[in-house]
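Below is one structure, written out as structure tokens; comments come after it.
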Amino acid sequence: MEDNPACANRDIGIPFVPLLAGLTLWPLLKIAGEYIVSRVNPQFFDELKLDVRKRYDLYFGTWLGSIFKVVSITACAAAVITTPAETDIMGLVRPLNQAEQWCWGCRTVIYIQEIPHITSIPELVIHHILSIVAMIAMLVFNMPRRQMYLAWGSLLSEFISNARRLIKMHGRLTPRLSWWLTTLNVAAILLFRVTSIFVALLWALNSGISSIYLIVDVGAWSIYFVYMIKVSAGELARAGLLTVDSGRPAKLIVYNKWHVDMFGIIMGLGLVLTKVLFLMVYEATAERLSSVTEIHSIAWAVLQAVAAGLVGAYITAPILRLTITTSDPGQKPSKLCLHGGFLFAAVALLSSPTMAGSVDKQALVACMAVSFPLMNAI
């Protein structure tokens with residue numbers, strides 16, 4: 001039996017040309033940009049130099065990052081298209097093709113070179129460092145790469161946020177323009193970046209990734225999802241589209257019209273995280289990987305269990321709720337009981353008519369029980 005050429009070649013192909021080109025062009029473009037700004041608008045250039053860390057470095061870093069992201073997004077989008085899903089599997093050593101090399105090279109240059117320019121924004125520095133760690137881990141452990149290409153190719157929102165930042169630094173950002181740019185930025189984040197997270201998770205499940213690697217992969221995407229929601233909420237608050245009422249119960253006020261109960265949002269997130277965790281536990285402890293048909297049947301059964309759990313939590317609340325003495329006379333007792341909801345969800349999972357016969361229902365319920373403390377904590 002002949003060896004697979006991709007497996008026989010242990011060299012993934014380091015993107016020397018994109019790396020060298022990017023590391024060379026970045027300082028040259030910065031010098032050119034500094035010269036152009038100092039000649040065209042010397043007063044603005046002098047104002048930037050008054051605060052090197054928060055204005056000068058950030059201004060030119062934003063320009064350079066935007067230029068390199070044009071190449072990066074184009075290359076990563078091409079990498080998604082030119083990388084066959086059949087070869088993007090866990091453990092397969094496959095050399096980087098031309099598009100992948102430019103995608104990896106550009107992203108590496110951006111993450112490394114932007115750090116000195118964004119030291120005034122600590123969370124961005126942490127984001128870049130974690131991204132570099134993720135890149136190294138994917139190459140070292142031969143993890144599927146298309147999911148990362150998709151995430152990199154969906155960063156269109158960064159052009160909008162960069163444009164707003166540059167316009168603001170030039171003093172030309174009007175309230176109306178800021179509102180439109182902020183709204184477009186949130187729309188781009190939800191449409192491209194958040195959507196890519198769910199697609200990447202589906203690709204990961206179909207790529208043969210399992211055990212601790214699956215837990216790490218799903219955990220990383222979950223953190224990224226929470227971060228995107230945080231960014232979107234901050235942007236909506238900036239535009240005045242979202243405010244928080246910290247009364248009892250706490251509420252989100254959308255566009256000064258609609259009131260959304262914070263408890264409902266937290267409950268929903270808790271349900272999602274709990275279900276994701278118990279699916280990860282089930283996949284990590286199973287003797288074999290679940291087929292696509294089994295995963296689909298489990299997903300439908302989980303939706304039924306969530307619905308049954310919500311109904312059960314509401315029905316059993318008056319029966320199973322424990323009365324806790326509180327010093328706050330205005331605090332109302334909860335209308336939901338998690339323990340009752342868990343019982344109804346377990347029954348729904350065991351009796352689900354859509355579950356594939358090859359799925360171990362008892363093991364699923366056991367894994368759900370293991371993950372239940374997370375929901376209880378939330």
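Chain labels run A, B, ... following the order of the structure tokens; each chain numbers its residues from 1, and ligands are numbered from 1 in the order shown.
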
Considering only C-alpha atoms, return as a short mmCIF file (atom, residue, chain, number, x, y, z; two decimals) with N, CA and C atoms, in the first residue's frame whatever protein or nucleic-acid residues lie within 10 Å of Thr74 of chain A, sequence-local ones (same chain, fewer than 2 positions apart) excluded.
```cif
data_model
loop_
_atom_site.label_atom_id
_atom_site.label_comp_id
_atom_site.auth_asym_id
_atom_site.auth_seq_id
_atom_site.Cartn_x
_atom_site.Cartn_y
_atom_site.Cartn_z
N LYS A 69 -4.62 43.99 5.74
CA LYS A 69 -5.84 43.16 5.84
C LYS A 69 -6.50 42.96 4.49
N VAL A 70 -6.28 43.87 3.55
CA VAL A 70 -6.82 43.66 2.20
C VAL A 70 -6.23 42.39 1.60
N VAL A 71 -4.91 42.25 1.72
CA VAL A 71 -4.23 41.05 1.21
C VAL A 71 -4.62 39.83 2.03
N SER A 72 -4.67 40.02 3.34
CA SER A 72 -4.96 38.90 4.24
C SER A 72 -6.34 38.32 3.99
N CYS A 76 -7.00 34.62 2.60
CA CYS A 76 -7.68 33.64 3.47
C CYS A 76 -8.99 33.17 2.85
N ALA A 77 -9.69 34.06 2.15
CA ALA A 77 -10.90 33.64 1.45
C ALA A 77 -10.55 32.64 0.35
N ALA A 78 -9.44 32.90 -0.35
CA ALA A 78 -8.99 31.96 -1.38
C ALA A 78 -8.56 30.64 -0.75
N ALA A 79 -7.97 30.70 0.45
CA ALA A 79 -7.54 29.47 1.14
C ALA A 79 -8.74 28.61 1.52
N ALA A 99 -2.34 29.91 -1.63
CA ALA A 99 -3.25 30.82 -0.92
C ALA A 99 -3.07 30.71 0.59
N TRP A 102 0.06 32.65 1.79
CA TRP A 102 -0.14 34.09 1.89
C TRP A 102 -1.09 34.44 3.04
N CYS A 103 -2.06 33.58 3.29
CA CYS A 103 -2.98 33.80 4.42
C CYS A 103 -2.22 33.74 5.74
N TRP A 152 -10.52 34.36 9.58
CA TRP A 152 -9.68 35.45 9.06
C TRP A 152 -10.30 36.12 7.84
N GLY A 153 -10.98 35.34 7.03
CA GLY A 153 -11.59 35.90 5.82
C GLY A 153 -12.87 36.67 6.08
N SER A 154 -13.37 36.62 7.31
CA SER A 154 -14.63 37.29 7.65
C SER A 154 -14.42 38.56 8.46
#
```

ask   = Hey, what's within 10 Å of segment 58-62 of chain A if we count only C-alpha atoms and toss same-chain stuff fewer than 5 positions away? As a VMD selection string, please?
value = chain A and resid 26 29 to 31 33 to 34 37 48 51 to 53 67 110 113 to 121 158 to 159 161 to 163 165 to 166 169 to 170

Keeping only N, CA and C atoms, write the selected residues as a PDB file, in the first residue's frame.
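File written: out-v3.pdb
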```pdb
ATOM      1  N   TRP A  26       6.209  46.454   5.874  1.00  0.00           N
ATOM      2  CA  TRP A  26       5.568  47.170   6.990  1.00  0.00           C
ATOM      3  C   TRP A  26       6.379  48.410   7.408  1.00  0.00           C
ATOM      4  N   LEU A  29       6.441  51.031   4.512  1.00  0.00           N
ATOM      5  CA  LEU A  29       5.174  51.746   4.363  1.00  0.00           C
ATOM      6  C   LEU A  29       4.959  52.730   5.510  1.00  0.00           C
ATOM      7  N   LYS A  30       5.431  52.384   6.700  1.00  0.00           N
ATOM      8  CA  LYS A  30       5.291  53.303   7.832  1.00  0.00           C
ATOM      9  C   LYS A  30       6.122  54.563   7.601  1.00  0.00           C
ATOM     10  N   ILE A  31       7.331  54.384   7.121  1.00  0.00           N
ATOM     11  CA  ILE A  31       8.184  55.537   6.826  1.00  0.00           C
ATOM     12  C   ILE A  31       7.535  56.415   5.756  1.00  0.00           C
ATOM     13  N   GLY A  33       4.334  56.577   5.030  1.00  0.00           N
ATOM     14  CA  GLY A  33       3.148  57.214   5.595  1.00  0.00           C
ATOM     15  C   GLY A  33       3.508  58.404   6.471  1.00  0.00           C
ATOM     16  N   GLU A  34       4.529  58.254   7.295  1.00  0.00           N
ATOM     17  CA  GLU A  34       4.977  59.359   8.146  1.00  0.00           C
ATOM     18  C   GLU A  34       5.419  60.551   7.297  1.00  0.00           C
ATOM     19  N   VAL A  37       2.181  62.246   5.654  1.00  0.00           N
ATOM     20  CA  VAL A  37       1.371  63.001   6.618  1.00  0.00           C
ATOM     21  C   VAL A  37       2.110  64.255   7.082  1.00  0.00           C
ATOM     22  N   LEU A  48      -0.131  64.430  16.559  1.00  0.00           N
ATOM     23  CA  LEU A  48       0.026  62.997  16.797  1.00  0.00           C
ATOM     24  C   LEU A  48       1.252  62.712  17.659  1.00  0.00           C
ATOM     25  N   ASP A  51       1.326  62.612  21.668  1.00  0.00           N
ATOM     26  CA  ASP A  51       0.975  61.386  22.404  1.00  0.00           C
ATOM     27  C   ASP A  51       1.332  60.194  21.515  1.00  0.00           C
ATOM     28  N   VAL A  52       2.577  59.761  21.621  1.00  0.00           N
ATOM     29  CA  VAL A  52       3.082  58.714  20.724  1.00  0.00           C
ATOM     30  C   VAL A  52       2.326  57.414  20.910  1.00  0.00           C
ATOM     31  N   ARG A  53       2.052  57.038  22.154  1.00  0.00           N
ATOM     32  CA  ARG A  53       1.458  55.732  22.438  1.00  0.00           C
ATOM     33  C   ARG A  53      -0.008  55.653  22.026  1.00  0.00           C
ATOM     34  N   ILE A  67      -4.218  48.188   5.316  1.00  0.00           N
ATOM     35  CA  ILE A  67      -3.601  47.832   4.034  1.00  0.00           C
ATOM     36  C   ILE A  67      -3.290  46.341   3.975  1.00  0.00           C
ATOM     37  N   ILE A 110       0.680  40.693  10.546  1.00  0.00           N
ATOM     38  CA  ILE A 110      -0.259  41.623  11.183  1.00  0.00           C
ATOM     39  C   ILE A 110      -0.229  41.475  12.703  1.00  0.00           C
ATOM     40  N   GLN A 113       3.381  42.695  13.988  1.00  0.00           N
ATOM     41  CA  GLN A 113       3.712  44.101  13.768  1.00  0.00           C
ATOM     42  C   GLN A 113       2.714  45.063  14.397  1.00  0.00           C
ATOM     43  N   GLU A 114       1.479  44.625  14.601  1.00  0.00           N
ATOM     44  CA  GLU A 114       0.485  45.533  15.184  1.00  0.00           C
ATOM     45  C   GLU A 114       0.656  45.707  16.685  1.00  0.00           C
ATOM     46  N   ILE A 115       1.251  44.728  17.354  1.00  0.00           N
ATOM     47  CA  ILE A 115       1.345  44.789  18.820  1.00  0.00           C
ATOM     48  C   ILE A 115       1.998  46.073  19.319  1.00  0.00           C
ATOM     49  N   PRO A 116       3.144  46.522  18.755  1.00  0.00           N
ATOM     50  CA  PRO A 116       3.728  47.783  19.251  1.00  0.00           C
ATOM     51  C   PRO A 116       2.828  48.996  19.018  1.00  0.00           C
ATOM     52  N   HIS A 117       1.906  48.900  18.055  1.00  0.00           N
ATOM     53  CA  HIS A 117       1.043  50.037  17.733  1.00  0.00           C
ATOM     54  C   HIS A 117      -0.221  50.089  18.591  1.00  0.00           C
ATOM     55  N   ILE A 118      -0.564  48.995  19.254  1.00  0.00           N
ATOM     56  CA  ILE A 118      -1.845  48.931  19.981  1.00  0.00           C
ATOM     57  C   ILE A 118      -1.637  48.730  21.480  1.00  0.00           C
ATOM     58  N   THR A 119      -0.474  49.113  21.992  1.00  0.00           N
ATOM     59  CA  THR A 119      -0.195  48.930  23.419  1.00  0.00           C
ATOM     60  C   THR A 119      -1.147  49.745  24.302  1.00  0.00           C
ATOM     61  N   SER A 120      -1.809  50.758  23.720  1.00  0.00           N
ATOM     62  CA  SER A 120      -2.763  51.555  24.495  1.00  0.00           C
ATOM     63  C   SER A 120      -4.108  50.842  24.642  1.00  0.00           C
ATOM     64  N   ILE A 121      -4.285  49.700  23.951  1.00  0.00           N
ATOM     65  CA  ILE A 121      -5.524  48.928  24.038  1.00  0.00           C
ATOM     66  C   ILE A 121      -5.160  47.521  24.494  1.00  0.00           C
ATOM     67  N   GLU A 158     -13.518  44.999  10.472  1.00  0.00           N
ATOM     68  CA  GLU A 158     -12.361  45.769  10.921  1.00  0.00           C
ATOM     69  C   GLU A 158     -12.106  46.985  10.029  1.00  0.00           C
ATOM     70  N   PHE A 159     -12.479  46.911   8.755  1.00  0.00           N
ATOM     71  CA  PHE A 159     -12.326  48.082   7.884  1.00  0.00           C
ATOM     72  C   PHE A 159     -13.236  49.209   8.344  1.00  0.00           C
ATOM     73  N   SER A 161     -14.465  49.686  11.514  1.00  0.00           N
ATOM     74  CA  SER A 161     -13.986  50.224  12.793  1.00  0.00           C
ATOM     75  C   SER A 161     -12.700  51.031  12.600  1.00  0.00           C
ATOM     76  N   ASN A 162     -11.838  50.593  11.689  1.00  0.00           N
ATOM     77  CA  ASN A 162     -10.610  51.348  11.410  1.00  0.00           C
ATOM     78  C   ASN A 162     -10.927  52.687  10.760  1.00  0.00           C
ATOM     79  N   ALA A 163     -11.887  52.695   9.840  1.00  0.00           N
ATOM     80  CA  ALA A 163     -12.271  53.949   9.196  1.00  0.00           C
ATOM     81  C   ALA A 163     -12.830  54.932  10.216  1.00  0.00           C
ATOM     82  N   ARG A 165     -12.143  55.043  13.409  1.00  0.00           N
ATOM     83  CA  ARG A 165     -11.046  55.496  14.257  1.00  0.00           C
ATOM     84  C   ARG A 165     -10.223  56.581  13.564  1.00  0.00           C
ATOM     85  N   LEU A 166      -9.918  56.389  12.283  1.00  0.00           N
ATOM     86  CA  LEU A 166      -9.112  57.366  11.550  1.00  0.00           C
ATOM     87  C   LEU A 166      -9.865  58.679  11.364  1.00  0.00           C
ATOM     88  N   MET A 169      -9.827  60.527  14.632  1.00  0.00           N
ATOM     89  CA  MET A 169      -8.529  61.122  14.943  1.00  0.00           C
ATOM     90  C   MET A 169      -8.270  62.368  14.112  1.00  0.00           C
ATOM     91  N   HIS A 170      -8.903  62.461  12.932  1.00  0.00           N
ATOM     92  CA  HIS A 170      -8.800  63.662  12.104  1.00  0.00           C
ATOM     93  C   HIS A 170      -9.813  64.725  12.512  1.00  0.00           C
TER      94      HIS A 170
END
```

Distance query segment 338-342 of chain A at most 8 Å, only C-alpha atoms, self and fewer than 3 positions along chain excluded, as a short mmCIF file (atom, residue, chain, number, x, y, z; two decimals) with C-alpha atoms, in the first residue's frame:
```cif
data_model
loop_
_atom_site.label_atom_id
_atom_site.label_comp_id
_atom_site.auth_asym_id
_atom_site.auth_seq_id
_atom_site.Cartn_x
_atom_site.Cartn_y
_atom_site.Cartn_z
CA ALA A 308 -39.04 20.47 27.55
CA GLY A 309 -36.58 21.75 30.15
CA LEU A 310 -37.93 25.31 29.96
CA VAL A 311 -41.50 24.07 30.31
CA GLY A 312 -40.52 21.79 33.17
CA ALA A 313 -38.59 24.56 34.94
CA TYR A 314 -41.70 26.74 34.88
CA ILE A 315 -44.16 24.01 35.90
CA THR A 316 -42.11 22.65 38.81
CA ALA A 317 -41.05 26.03 40.20
CA LEU A 320 -39.59 22.40 44.05
CA ALA A 345 -34.99 17.63 29.70
CA ALA A 346 -33.62 14.20 30.65
CA PHE A 372 -25.41 20.46 34.83
CA ASN A 376 -26.52 25.77 38.00
#
```

Residue nearest Ala151 of chain A - candidates A:Asn185, A:Arg193, A:Ala137, A:Ala233, atoms counted: only C-alpha atoms = A:Arg193

Give me, as CSV, each residue of segment 71-177 of chain A that comes within 9 Å of segment 210-224 of chain A, together with its shortest interatomic pair and the distance in Å at one decimal, counting only C-alpha atoms, with rows ordered by chain and rising residue number.
```
residue,atom,partner,partner_atom,distance
A:Met90,CA,A:Ser210,CA,8.4
A:Ala134,CA,A:Ala220,CA,8.8
A:Phe141,CA,A:Tyr213,CA,8.9
A:Met143,CA,A:Tyr213,CA,8.3
```

message = Between atom CA of Ala237 of chain A and atom CA of Lys54 of chain A, what distance in Å does the model show, to one decimal?
response = 22.8 Å

Just want the 10 Å neighbourhood of Met135 of chain A, counted on only C-alpha atoms, with same-chain residues fewer than 4 positions away dropped. Output as a PDB file with C-alpha atoms, in the first residue's frame.
```pdb
ATOM      1  CA  TRP A 104      -0.681  32.522   7.183  1.00  0.00           C
ATOM      2  CA  ARG A 107      -1.846  37.164   9.470  1.00  0.00           C
ATOM      3  CA  THR A 108       1.465  36.441  11.190  1.00  0.00           C
ATOM      4  CA  ILE A 129      -1.005  37.045  21.585  1.00  0.00           C
ATOM      5  CA  LEU A 130      -3.737  34.417  21.949  1.00  0.00           C
ATOM      6  CA  SER A 131      -4.159  34.353  18.172  1.00  0.00           C
ATOM      7  CA  LEU A 139       0.453  23.712  13.151  1.00  0.00           C
ATOM      8  CA  VAL A 140       2.117  21.734  15.946  1.00  0.00           C
ATOM      9  CA  MET A 143      -5.371  20.512  13.527  1.00  0.00           C
ATOM     10  CA  ARG A 145      -7.142  24.826   9.322  1.00  0.00           C
ATOM     11  CA  MET A 148      -9.263  29.544  10.951  1.00  0.00           C
TER      12      MET A 148
END
```

task = Using only C-alpha atoms, find the one residue out of A:Val226, A:Leu124, A:Ala239, A:Val306 that sits nearest to Leu177 of chain A.
result =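 Result for the nearest residue to Leu177 of chain A: A:Ala239.
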
ask   = Just asking: which residues within segment 94-262 of chain A are helix (DSSP H, G or I) according to DSSP, as a PyMOL selection string?
value = chain A and resi 98-117+122-140+146-153+157-169+175-205+211-238+262

key: Among the residues A:Leu155, A:Ile209, A:Val109, A:Ala366, the one that comes closest to Phe192 of chain A [using only C-alpha atoms]   =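 Among the listed residues, A:Leu155 lies closest to Phe192 of chain A.
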